[in-house]
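Data block for structure-v5.cif (mmCIF, C-alpha atoms):
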data_upload
loop_
_atom_site.label_atom_id
_atom_site.label_comp_id
_atom_site.auth_asym_id
_atom_site.auth_seq_id
_atom_site.Cartn_x
_atom_site.Cartn_y
_atom_site.Cartn_z
CA MET A 28 -12.26 46.83 32.96
CA THR A 29 -14.35 45.54 35.84
CA ALA A 30 -18.07 46.19 36.17
CA THR A 31 -20.75 45.19 38.64
CA LEU A 32 -24.31 44.29 37.70
CA ILE A 33 -26.92 45.12 40.33
CA VAL A 34 -29.08 42.00 40.45
CA LYS A 35 -32.23 41.82 42.58
CA SER A 36 -34.20 38.77 43.65
CA SER A 37 -37.43 40.79 43.52
CA TYR A 38 -40.00 40.31 40.78
CA PRO A 39 -38.53 41.80 37.56
CA ARG A 40 -39.84 45.16 36.38
CA LYS A 41 -40.90 43.57 33.09
CA GLY A 42 -42.84 40.44 32.21
CA PHE A 43 -41.00 37.21 31.44
CA THR A 44 -41.86 37.24 27.73
CA ALA A 45 -40.72 40.86 27.43
CA ILE A 46 -37.46 40.03 29.22
CA THR A 47 -36.70 37.25 26.75
CA GLN A 48 -37.52 39.46 23.77
CA LEU A 49 -35.40 42.33 25.08
CA GLY A 50 -32.54 39.97 25.81
CA LEU A 51 -32.63 38.59 22.27
CA LYS A 52 -32.76 42.08 20.74
CA ALA A 53 -29.85 43.25 22.88
CA LEU A 54 -27.89 40.13 22.05
CA HIS A 55 -28.44 40.70 18.33
CA LEU A 56 -27.26 44.30 18.60
CA ALA A 57 -24.23 43.27 20.64
CA PHE A 58 -23.21 40.71 18.02
CA THR A 59 -23.93 43.05 15.10
CA HIS A 60 -21.85 45.88 16.57
CA ALA A 61 -19.37 43.73 18.47
CA ALA A 62 -16.26 45.58 17.29
CA ALA A 63 -17.64 48.98 18.28
CA LEU A 64 -19.23 47.95 21.59
CA SER A 65 -16.62 45.53 22.90
CA PRO A 66 -14.42 48.22 24.53
CA ARG A 67 -17.46 49.58 26.38
CA LEU A 68 -18.81 46.29 27.75
CA PRO A 69 -17.55 44.01 30.54
CA GLN A 70 -15.74 40.95 29.31
CA ASP A 71 -18.03 37.90 28.92
CA LEU A 72 -21.19 39.99 29.39
CA VAL A 73 -22.52 39.04 25.96
CA GLU A 74 -21.79 35.32 26.40
CA GLU A 75 -23.33 35.33 29.87
CA LEU A 76 -26.40 37.11 28.50
CA LYS A 77 -26.74 34.39 25.88
CA SER A 78 -26.47 31.71 28.58
CA ASP A 79 -29.02 33.46 30.81
CA ILE A 80 -31.54 33.73 27.98
CA GLU A 81 -31.22 30.01 27.32
CA SER A 82 -31.61 29.04 30.99
CA PHE A 83 -34.45 31.53 31.58
CA GLY A 84 -36.77 29.31 29.55
CA ASP A 85 -36.15 26.51 32.06
CA VAL A 86 -36.42 28.36 35.37
CA VAL A 87 -39.70 30.17 34.61
CA PRO A 88 -41.79 26.97 34.34
CA GLY A 89 -39.67 25.51 37.14
CA ALA A 90 -40.75 28.28 39.49
CA LYS A 91 -44.40 27.78 38.56
CA GLN A 92 -44.08 24.04 39.16
CA ALA A 93 -42.46 24.60 42.56
CA ARG A 94 -45.34 26.85 43.58
CA SER A 95 -47.88 24.27 42.42
CA GLU A 96 -46.09 21.54 44.35
CA SER A 97 -46.10 23.73 47.46
CA VAL A 98 -49.87 24.22 47.18
CA ALA A 99 -50.38 20.48 46.63
CA ALA A 100 -48.21 19.63 49.64
CA THR A 101 -50.20 22.05 51.80
CA SER A 102 -53.48 20.45 50.68
CA GLU A 103 -52.10 17.00 51.48
CA GLN A 104 -51.08 18.19 54.93
CA PHE A 105 -54.54 19.62 55.63
CA ALA A 106 -56.20 16.35 54.61
CA ALA A 107 -53.90 14.23 56.80
CA LEU A 108 -54.34 16.63 59.72
CA ALA A 109 -58.14 16.57 59.43
CA ASP A 110 -58.17 12.76 59.42
CA GLY A 111 -55.89 12.48 62.45
CA TYR A 112 -57.79 15.14 64.37
CA GLU A 113 -61.13 13.41 63.84
CA ARG A 114 -59.78 10.02 64.89
CA ALA A 115 -58.30 11.40 68.11
CA ARG A 116 -61.44 13.44 68.83
CA GLN A 117 -63.68 10.39 68.49
CA VAL A 118 -61.52 8.37 70.90
CA ARG A 119 -61.84 11.14 73.47
CA ALA A 120 -65.58 11.42 72.89
CA ALA A 121 -66.04 7.65 73.28
CA LEU A 122 -64.18 7.69 76.61
CA ARG A 123 -66.51 10.36 77.89
CA ARG A 124 -69.56 8.42 76.73
CA VAL A 125 -68.49 5.17 78.41
CA LYS A 126 -67.77 7.19 81.55
CA ALA A 127 -64.15 6.15 81.91
CA SER A 128 -62.59 7.28 85.17
CA ALA A 129 -61.10 10.76 85.36
CA ASP A 130 -57.58 9.32 85.59
CA VAL A 131 -58.09 7.18 82.49
CA GLN A 132 -59.57 10.07 80.56
CA ARG A 133 -56.61 12.27 81.45
CA ALA A 134 -54.24 9.49 80.42
CA TYR A 135 -55.86 9.46 76.97
CA GLY A 136 -55.70 13.24 76.69
CA VAL A 137 -59.33 14.07 77.38
CA GLY A 138 -59.55 17.73 78.36
CA ARG A 139 -56.21 18.57 76.77
CA LYS A 140 -56.35 21.31 74.15
CA MET A 141 -56.18 20.04 70.56
CA ARG A 142 -56.48 22.59 67.78
CA LYS A 143 -57.54 20.93 64.56
CA ASP A 144 -55.21 23.13 62.48
CA SER A 145 -52.16 22.51 64.68
CA VAL A 146 -49.77 19.77 63.56
CA SER A 147 -48.10 19.60 66.98
CA ASP A 148 -51.44 19.41 68.86
CA VAL A 149 -52.88 16.64 66.71
CA LYS A 150 -49.67 14.62 66.63
CA ALA A 151 -49.33 14.88 70.41
CA ALA A 152 -52.96 13.81 70.93
CA ILE A 153 -52.58 10.76 68.69
CA GLN A 154 -49.27 9.79 70.24
CA GLN A 155 -50.72 10.01 73.75
CA ILE A 156 -53.56 7.65 72.81
CA LEU A 157 -51.18 5.18 71.17
CA ASP A 158 -48.79 5.24 74.12
CA ARG A 159 -51.55 4.62 76.67
CA ALA A 160 -53.09 1.80 74.65
CA LYS A 161 -49.67 0.19 74.23
CA ASP A 162 -48.91 0.41 77.95
CA LYS A 163 -52.34 -0.88 79.01
CA PRO A 164 -53.80 -2.98 76.17
CA ALA A 165 -56.38 -4.69 78.40
CA GLU A 166 -57.69 -1.32 79.53
CA ALA A 167 -57.96 -0.12 75.93
CA LYS A 168 -59.91 -3.23 74.95
CA SER A 169 -62.26 -2.79 77.91
CA LEU A 170 -63.00 0.73 76.68
CA GLY A 171 -63.88 -0.53 73.20
CA ILE A 172 -60.63 0.58 71.58
CA VAL A 173 -59.56 -2.22 69.24
CA GLN A 174 -56.46 -2.81 67.12
CA LYS A 175 -58.16 -1.40 64.03
CA ASP A 176 -58.55 1.93 65.82
CA LEU A 177 -54.91 1.95 66.87
CA ASP A 178 -53.72 1.02 63.39
CA GLY A 179 -55.79 3.86 61.95
CA LEU A 180 -54.31 6.32 64.42
CA ALA A 181 -50.77 5.12 63.69
CA LEU A 182 -51.32 5.52 59.95
CA ALA A 183 -52.80 8.98 60.49
CA LEU A 184 -49.79 9.99 62.58
CA ALA A 185 -47.40 8.76 59.88
CA ALA A 186 -49.39 10.57 57.17
CA ILE A 187 -49.33 13.85 59.12
CA THR A 188 -45.59 13.56 59.70
CA ASP A 189 -44.91 12.74 56.04
CA ALA A 190 -47.16 15.51 54.74
CA ASP A 191 -45.61 18.01 57.14
CA THR A 192 -42.12 17.10 55.91
CA LYS A 193 -43.16 17.44 52.26
CA GLN A 194 -44.86 20.74 52.98
CA ASP A 195 -41.72 22.12 54.64
CA GLN A 196 -39.56 20.96 51.75
CA SER A 197 -41.90 22.44 49.14
CA ARG A 198 -42.22 25.67 51.08
CA ALA A 199 -38.43 25.94 51.16
CA SER A 200 -37.82 25.06 47.51
CA ALA A 201 -40.52 27.26 45.99
CA PRO A 202 -38.99 30.60 47.08
CA LEU A 203 -35.52 29.44 46.04
CA THR A 204 -36.74 28.51 42.56
CA THR A 205 -38.65 31.77 42.28
CA GLN A 206 -35.65 33.78 43.43
CA GLU A 207 -33.46 32.02 40.87
CA ARG A 208 -35.95 32.92 38.13
CA ASN A 209 -36.08 36.53 39.34
CA ARG A 210 -32.30 36.86 39.56
CA ILE A 211 -31.79 35.56 36.03
CA GLY A 212 -34.54 37.83 34.72
CA ASN A 213 -33.06 40.85 36.46
CA ARG A 214 -29.57 39.88 35.31
CA ILE A 215 -30.81 39.83 31.71
CA LEU A 216 -32.34 43.28 32.18
CA ALA A 217 -29.10 44.56 33.71
CA ALA A 218 -27.12 43.25 30.74
CA VAL A 219 -29.63 44.79 28.33
CA ALA A 220 -29.20 48.13 30.10
CA ARG A 221 -25.41 47.91 29.74
CA ILE A 222 -25.70 47.17 26.03
CA GLU A 223 -28.22 49.99 25.63
CA GLY A 224 -25.90 52.43 27.40
CA ALA A 225 -22.92 51.34 25.32
CA GLY A 226 -24.91 51.81 22.11
CA ARG A 227 -26.15 55.25 23.12
CA LEU A 228 -22.59 56.39 23.75
CA GLU A 229 -21.05 54.74 20.71
CA PHE A 230 -23.69 56.01 18.29
CA ALA A 231 -24.44 59.35 19.92
CA ASN A 232 -24.19 61.08 16.54
CA ASP A 233 -25.85 58.33 14.50
CA GLU A 234 -29.57 58.69 15.08
CA THR A 235 -30.53 55.62 13.06
CA LYS A 236 -28.24 53.19 14.87
CA ARG A 237 -28.79 54.85 18.23
CA ALA A 238 -32.56 54.40 17.91
CA SER A 239 -32.20 50.61 18.01
CA PHE A 240 -30.44 50.83 21.36
CA GLU A 241 -32.82 53.44 22.75
CA ALA A 242 -35.70 51.07 21.96
CA LEU A 243 -34.27 48.60 24.48
CA GLY A 244 -35.28 50.96 27.28
CA ALA A 245 -38.89 51.27 26.14
CA GLY A 246 -41.82 48.91 26.74
CA PRO A 247 -44.33 48.01 29.45
CA ARG A 248 -43.31 47.43 33.02
CA GLY A 249 -44.37 44.38 35.03
CA LYS A 250 -45.52 44.27 38.64
CA ARG A 251 -42.90 44.35 41.37
CA ASN A 252 -42.73 43.05 44.91
CA ALA A 253 -41.71 45.69 47.41
CA GLY A 254 -38.94 45.12 49.88
CA ALA A 255 -37.19 42.28 48.08
CA ALA A 256 -33.51 41.71 48.58
CA SER A 257 -30.90 42.70 46.05
CA THR A 258 -27.41 41.45 45.40
CA THR A 259 -24.50 42.52 43.25
CA GLU A 260 -22.83 40.21 40.80
CA GLY A 261 -19.42 41.07 39.48
CA VAL A 262 -18.55 40.88 35.82
CA SER A 263 -14.88 41.18 35.11
CA GLY A 264 -13.56 42.61 31.95
#

As structure tokens, please, write out the structure in this file.
Amino acid sequence: MTATLIVKSSYPRKGFTAITQLGLKALHLAFTHAAALSPRLPQDLVEELKSDIESFGDVVPGAKQARSESVAATSEQFAALADGYERARQVRAALRRVKASADVQRAYGVGRKMRKDSVSDVKAAIQQILDRAKDKPAEAKSLGIVQKDLDGLALALAAITDADTKQDQSRASAPLTTQERNRIGNRILAAVARIEGAGRLEFANDETKRASFEALGAGPRGKRNAGAASTTEGVSG
């Protein structure tokens, strides 16, 4: 027979510890009553459940680590952005104080909007200063802008670019790792439900044995995220 497990990438309806415990209980029942349940279950469901339980212990901490790395990358980006913003702002302020001509001030970006929380604004401001100083080094020196200032700006620009790249990568990997964890957790729950249903049917007139399968459907529910996507995964049998 062929069956389809409905597997969601949303947060599982039970906690991760409960999922593992339920999976192990269902696996034990499936092995214990293999001969009776086998005709009612998709082929390979039990082996795939065993594999999912084993891998679930790896992806749960992996998802937490990915989230932590994403937060760290964001903090690194903020620090680099703040440093670059302040360096560019002080160059502009110095040009105003030395009363550089309007044309020179415009060439260095004075008067141009620069939001301190905008990567594109800060990078553009730094790059404009570096480009002008490179094109007219004598002018930069006459304004009090020395090589140390330019080196600091160049390093700040590189740090912002690097931090922004890391932040994008971490932001992308964290949801993927979390979704993988959620899918495996939900796949375990779907397999548990299939085993529970098979046991209820097989032992409909055996209250003692049936109770063990009915217990798989009990227990506390975990929090869920609304609106998450769901997928179907085929299990052939």

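The nearest approach to A:Arg123 among the residues A:Gly111, A:Phe58, A:Pro69, A:Val137, with all atoms listed in the file taken into account, belongs to A:Val137.
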
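Near A:Ser239, within a cut-off of 12 Å and counting all atoms listed in the file, sit the residues A:Leu49, A:Lys52, A:Ala53, A:His55, A:Leu56, A:Ala57, A:Thr59, A:His60, A:Ile222, A:Glu223, A:Gly224, A:Ala225, A:Gly226, A:Arg227, A:Phe230, A:Ala231, A:Asp233, A:Glu234, A:Thr235, A:Lys236, A:Ala242, A:Leu243, A:Gly244, A:Ala245, with same-chain residues fewer than 3 positions away left out.
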
Could you list, as a list in words, every residue within 7 Å of stretch 211-215 of chain A, counting all atoms listed in the file and ignoring same-chain residues fewer than 3 positions away?
Val34, Lys35, Pro39, Ile46, Gly50, Leu76, Asp79, Phe83, Glu207, Arg208, Ala218 and Val219 of chain A

I need the residues from that last selection saved to file as a PDB file, in the frame of the given file (with C-alpha atoms), if you can.
ATOM      1  CA  VAL A  34     -29.080  42.000  40.450  1.00  0.00           C
ATOM      2  CA  LYS A  35     -32.230  41.820  42.580  1.00  0.00           C
ATOM      3  CA  PRO A  39     -38.530  41.800  37.560  1.00  0.00           C
ATOM      4  CA  ILE A  46     -37.460  40.030  29.220  1.00  0.00           C
ATOM      5  CA  GLY A  50     -32.540  39.970  25.810  1.00  0.00           C
ATOM      6  CA  LEU A  76     -26.400  37.110  28.500  1.00  0.00           C
ATOM      7  CA  ASP A  79     -29.020  33.460  30.810  1.00  0.00           C
ATOM      8  CA  PHE A  83     -34.450  31.530  31.580  1.00  0.00           C
ATOM      9  CA  GLU A 207     -33.460  32.020  40.870  1.00  0.00           C
ATOM     10  CA  ARG A 208     -35.950  32.920  38.130  1.00  0.00           C
ATOM     11  CA  ALA A 218     -27.120  43.250  30.740  1.00  0.00           C
ATOM     12  CA  VAL A 219     -29.630  44.790  28.330  1.00  0.00           C
TER      13      VAL A 219
END

Using only C-alpha atoms, the shortest atom-to-atom distance to A:Asp191 among A:Ala167, A:Leu108, A:Leu51, A:Val173 belongs to A:Leu108

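Proximity to stretch 148-152 of chain A at 7 Å, evaluated using only C-alpha atoms and with sequence-adjacent residues fewer than 4 positions away removed, yields Gly111, Tyr112, Ala115, Gly136, Met141, Arg142, Lys143, Ile156 and Leu184 of chain A.
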
Go ahead and write the selection's residues with C-alpha atoms as a PDB file, in the frame of the given file.
ATOM      1  CA  GLY A 111     -55.890  12.480  62.450  1.00  0.00           C
ATOM      2  CA  TYR A 112     -57.790  15.140  64.370  1.00  0.00           C
ATOM      3  CA  ALA A 115     -58.300  11.400  68.110  1.00  0.00           C
ATOM      4  CA  GLY A 136     -55.700  13.240  76.690  1.00  0.00           C
ATOM      5  CA  MET A 141     -56.180  20.040  70.560  1.00  0.00           C
ATOM      6  CA  ARG A 142     -56.480  22.590  67.780  1.00  0.00           C
ATOM      7  CA  LYS A 143     -57.540  20.930  64.560  1.00  0.00           C
ATOM      8  CA  ILE A 156     -53.560   7.650  72.810  1.00  0.00           C
ATOM      9  CA  LEU A 184     -49.790   9.990  62.580  1.00  0.00           C
TER      10      LEU A 184
END

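Pairwise distance (atom CA of A:Ala127, atom CA of A:Ala160) equals 13.9 Å.
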
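Between atom CA of A:Ile187 and atom CA of A:Gln104 the interatomic distance comes to 6.3 Å.
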
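Closest to A:Ala217 among A:Glu113, A:Val73, A:Leu64, A:Thr44 is A:Val73, based on only C-alpha atoms.
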
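Atom pair atom CA of A:Lys77 / atom CA of A:Thr205: separated by 20.4 Å.
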